[in-house]
Amino acid sequence: MKDIKWVFVFYSLAAVAAMSGIGIAVGMRSIPVAIVAILALIFVMGNGFKTKKKMREQGIL
């Protein structure tokens, strides 16, 4: 519990929010909202993986 990487908690919650946005967009039958949510998910997950790689290279993880 003491070794929590809070940046990854933020990324995971943001990814969950983007996935929820996709579901909401499907429910609303709104293609533009779905596209924005998908792009947000790609952006958040890409940054999360990039951050993880950077931290591994620095020896933090």
# chains A, B, ... in the order shown; residues from 1 in each chain; ligands from 1
$ residues_around --residues "Ala14 of chain A" --least-positions-apart "6" --cutoff "12 Å" --atoms "only C-alpha atoms" --output "MDAnalysis selection string"
chainID A and resid 7:8 20:21 37 40:48
$ residues_around --residues "segment 1-6 of chain A" --least-positions-apart "4" --cutoff "12 Å" --atoms "only C-alpha atoms" --output "ChimeraX atom specification"
/A:10-13,48,51-52,55,60-61
$ write_last_selection --atoms "N, CA, C and O atoms" --output "compact mmCIF listing (two decimals), in the first residue's frame"
# COMPACT_ATOMS: atom_id res chain seq x y z
N PHE A 10 -4.31 7.72 -11.55
CA PHE A 10 -4.96 8.77 -12.35
C PHE A 10 -5.21 8.29 -13.78
O PHE A 10 -6.30 8.46 -14.32
N TYR A 11 -4.18 7.68 -14.40
CA TYR A 11 -4.34 7.20 -15.77
C TYR A 11 -5.43 6.14 -15.86
O TYR A 11 -6.21 6.12 -16.81
N SER A 12 -5.48 5.23 -14.89
CA SER A 12 -6.48 4.18 -14.96
C SER A 12 -7.88 4.74 -14.77
O SER A 12 -8.82 4.31 -15.46
N LEU A 13 -8.05 5.71 -13.88
CA LEU A 13 -9.38 6.31 -13.70
C LEU A 13 -9.80 7.11 -14.93
O LEU A 13 -10.97 7.10 -15.32
N GLY A 48 -0.18 6.67 -20.59
CA GLY A 48 0.09 5.77 -19.47
C GLY A 48 1.21 4.79 -19.78
O GLY A 48 2.12 4.60 -18.97
N THR A 51 4.52 6.69 -20.00
CA THR A 51 5.02 7.02 -18.67
C THR A 51 5.62 5.79 -17.99
O THR A 51 6.68 5.87 -17.35
N LYS A 52 4.97 4.65 -18.14
CA LYS A 52 5.48 3.42 -17.54
C LYS A 52 6.84 3.05 -18.14
O LYS A 52 7.76 2.67 -17.41
N MET A 55 9.47 5.44 -16.78
CA MET A 55 9.82 5.14 -15.38
C MET A 55 10.65 3.88 -15.27
O MET A 55 11.55 3.80 -14.42
N ILE A 60 12.74 3.57 -11.78
CA ILE A 60 11.79 3.90 -10.72
C ILE A 60 10.85 2.72 -10.46
O ILE A 60 10.44 2.48 -9.33
N LEU A 61 10.52 1.97 -11.50
CA LEU A 61 9.63 0.81 -11.34
C LEU A 61 10.43 -0.45 -11.17
O LEU A 61 11.44 -0.66 -11.70
$ residues_around --residues "Ile35 of chain A" --least-positions-apart "6" --cutoff "12 Å" --atoms "only C-alpha atoms" --output "PDB file with N, CA and C atoms, in the first residue's frame"
ATOM      1  N   ALA A  18     -13.079   7.351 -19.921  1.00  0.00           N
ATOM      2  CA  ALA A  18     -13.183   7.369 -21.386  1.00  0.00           C
ATOM      3  C   ALA A  18     -13.987   6.171 -21.885  1.00  0.00           C
ATOM      4  N   MET A  19     -13.774   5.013 -21.281  1.00  0.00           N
ATOM      5  CA  MET A  19     -14.549   3.834 -21.666  1.00  0.00           C
ATOM      6  C   MET A  19     -16.029   4.020 -21.333  1.00  0.00           C
ATOM      7  N   GLY A  21     -17.481   6.856 -21.273  1.00  0.00           N
ATOM      8  CA  GLY A  21     -17.941   7.808 -22.280  1.00  0.00           C
ATOM      9  C   GLY A  21     -18.332   7.127 -23.573  1.00  0.00           C
ATOM     10  N   ILE A  22     -17.602   6.082 -23.932  1.00  0.00           N
ATOM     11  CA  ILE A  22     -17.961   5.317 -25.126  1.00  0.00           C
ATOM     12  C   ILE A  22     -19.328   4.664 -24.930  1.00  0.00           C
ATOM     13  N   GLY A  23     -19.536   4.085 -23.769  1.00  0.00           N
ATOM     14  CA  GLY A  23     -20.824   3.462 -23.481  1.00  0.00           C
ATOM     15  C   GLY A  23     -21.967   4.454 -23.480  1.00  0.00           C
ATOM     16  N   ILE A  24     -21.725   5.622 -22.914  1.00  0.00           N
ATOM     17  CA  ILE A  24     -22.751   6.663 -22.893  1.00  0.00           C
ATOM     18  C   ILE A  24     -23.053   7.127 -24.317  1.00  0.00           C
ATOM     19  N   ALA A  25     -22.009   7.273 -25.126  1.00  0.00           N
ATOM     20  CA  ALA A  25     -22.206   7.697 -26.516  1.00  0.00           C
ATOM     21  C   ALA A  25     -23.017   6.672 -27.298  1.00  0.00           C
ATOM     22  N   VAL A  26     -22.768   5.403 -27.043  1.00  0.00           N
ATOM     23  CA  VAL A  26     -23.549   4.366 -27.713  1.00  0.00           C
ATOM     24  C   VAL A  26     -25.011   4.459 -27.278  1.00  0.00           C
ATOM     25  N   ARG A  29     -26.597   7.207 -28.964  1.00  0.00           N
ATOM     26  CA  ARG A  29     -26.496   7.049 -30.422  1.00  0.00           C
ATOM     27  C   ARG A  29     -25.844   8.260 -31.068  1.00  0.00           C
ATOM     28  N   LEU A  41      -9.545   7.865 -25.010  1.00  0.00           N
ATOM     29  CA  LEU A  41      -9.033   6.595 -24.489  1.00  0.00           C
ATOM     30  C   LEU A  41      -7.664   6.275 -25.073  1.00  0.00           C
ATOM     31  N   ILE A  42      -7.511   6.461 -26.369  1.00  0.00           N
ATOM     32  CA  ILE A  42      -6.218   6.202 -27.012  1.00  0.00           C
ATOM     33  C   ILE A  42      -5.148   7.133 -26.437  1.00  0.00           C
TER      34      ILE A  42
END
$ atom_distance --atom1 "atom CA of Leu39 of chain A" --atom2 "atom CA of Ala15 of chain A"
10.8 Å
$ atom_distance --atom1 "atom CA of Lys50 of chain A" --atom2 "atom CA of Val36 of chain A"
20.9 Å
$ decode --residues "chain A" --atoms "C-alpha atoms" --output "mmCIF file, in the first residue's frame"
data_model
loop_
_atom_site.group_PDB
_atom_site.id
_atom_site.type_symbol
_atom_site.label_atom_id
_atom_site.label_comp_id
_atom_site.auth_asym_id
_atom_site.auth_seq_id
_atom_site.Cartn_x
_atom_site.Cartn_y
_atom_site.Cartn_z
ATOM 1 C CA MET A 1 0.000 0.000 0.000
ATOM 2 C CA LYS A 2 2.913 2.341 0.646
ATOM 3 C CA ASP A 3 4.300 1.882 -2.859
ATOM 4 C CA ILE A 4 1.334 3.284 -4.794
ATOM 5 C CA LYS A 5 2.198 5.114 -7.997
ATOM 6 C CA TRP A 6 -0.536 7.751 -7.993
ATOM 7 C CA VAL A 7 0.108 8.779 -11.576
ATOM 8 C CA PHE A 8 -1.007 5.310 -12.699
ATOM 9 C CA VAL A 9 -4.120 5.533 -10.539
ATOM 10 C CA PHE A 10 -4.962 8.766 -12.352
ATOM 11 C CA TYR A 11 -4.338 7.201 -15.768
ATOM 12 C CA SER A 12 -6.481 4.177 -14.956
ATOM 13 C CA LEU A 13 -9.378 6.310 -13.699
ATOM 14 C CA ALA A 14 -9.145 8.513 -16.778
ATOM 15 C CA ALA A 15 -9.207 5.414 -19.009
ATOM 16 C CA VAL A 16 -12.266 4.088 -17.173
ATOM 17 C CA ALA A 17 -13.966 7.457 -17.656
ATOM 18 C CA ALA A 18 -13.183 7.369 -21.386
ATOM 19 C CA MET A 19 -14.549 3.834 -21.666
ATOM 20 C CA SER A 20 -17.676 4.928 -19.840
ATOM 21 C CA GLY A 21 -17.941 7.808 -22.280
ATOM 22 C CA ILE A 22 -17.961 5.317 -25.126
ATOM 23 C CA GLY A 23 -20.824 3.462 -23.481
ATOM 24 C CA ILE A 24 -22.751 6.663 -22.893
ATOM 25 C CA ALA A 25 -22.206 7.697 -26.516
ATOM 26 C CA VAL A 26 -23.549 4.366 -27.713
ATOM 27 C CA GLY A 27 -26.580 4.823 -25.486
ATOM 28 C CA MET A 28 -27.112 8.317 -26.869
ATOM 29 C CA ARG A 29 -26.496 7.049 -30.422
ATOM 30 C CA SER A 30 -24.040 9.882 -30.916
ATOM 31 C CA ILE A 31 -21.166 9.137 -33.263
ATOM 32 C CA PRO A 32 -19.234 12.393 -32.576
ATOM 33 C CA VAL A 33 -19.251 11.774 -28.812
ATOM 34 C CA ALA A 34 -18.126 8.185 -29.390
ATOM 35 C CA ILE A 35 -15.253 9.357 -31.583
ATOM 36 C CA VAL A 36 -14.124 11.888 -28.979
ATOM 37 C CA ALA A 37 -14.293 9.246 -26.236
ATOM 38 C CA ILE A 38 -12.305 6.753 -28.324
ATOM 39 C CA LEU A 39 -9.649 9.368 -29.067
ATOM 40 C CA ALA A 40 -9.507 10.270 -25.370
ATOM 41 C CA LEU A 41 -9.033 6.595 -24.489
ATOM 42 C CA ILE A 42 -6.218 6.202 -27.012
ATOM 43 C CA PHE A 43 -4.545 9.375 -25.710
ATOM 44 C CA VAL A 44 -4.817 8.412 -22.034
ATOM 45 C CA MET A 45 -3.669 4.826 -22.495
ATOM 46 C CA GLY A 46 -0.830 5.887 -24.782
ATOM 47 C CA ASN A 47 0.411 8.380 -22.211
ATOM 48 C CA GLY A 48 0.090 5.771 -19.468
ATOM 49 C CA PHE A 49 2.207 3.249 -21.338
ATOM 50 C CA LYS A 50 4.715 5.946 -22.302
ATOM 51 C CA THR A 51 5.022 7.019 -18.670
ATOM 52 C CA LYS A 52 5.481 3.420 -17.541
ATOM 53 C CA LYS A 53 8.246 2.855 -20.092
ATOM 54 C CA LYS A 54 9.978 6.084 -19.071
ATOM 55 C CA MET A 55 9.818 5.142 -15.381
ATOM 56 C CA ARG A 56 11.199 1.659 -16.110
ATOM 57 C CA GLU A 57 14.110 3.133 -18.049
ATOM 58 C CA GLN A 58 14.872 5.450 -15.133
ATOM 59 C CA GLY A 59 14.746 2.531 -12.686
ATOM 60 C CA ILE A 60 11.795 3.897 -10.719
ATOM 61 C CA LEU A 61 9.626 0.810 -11.344
#
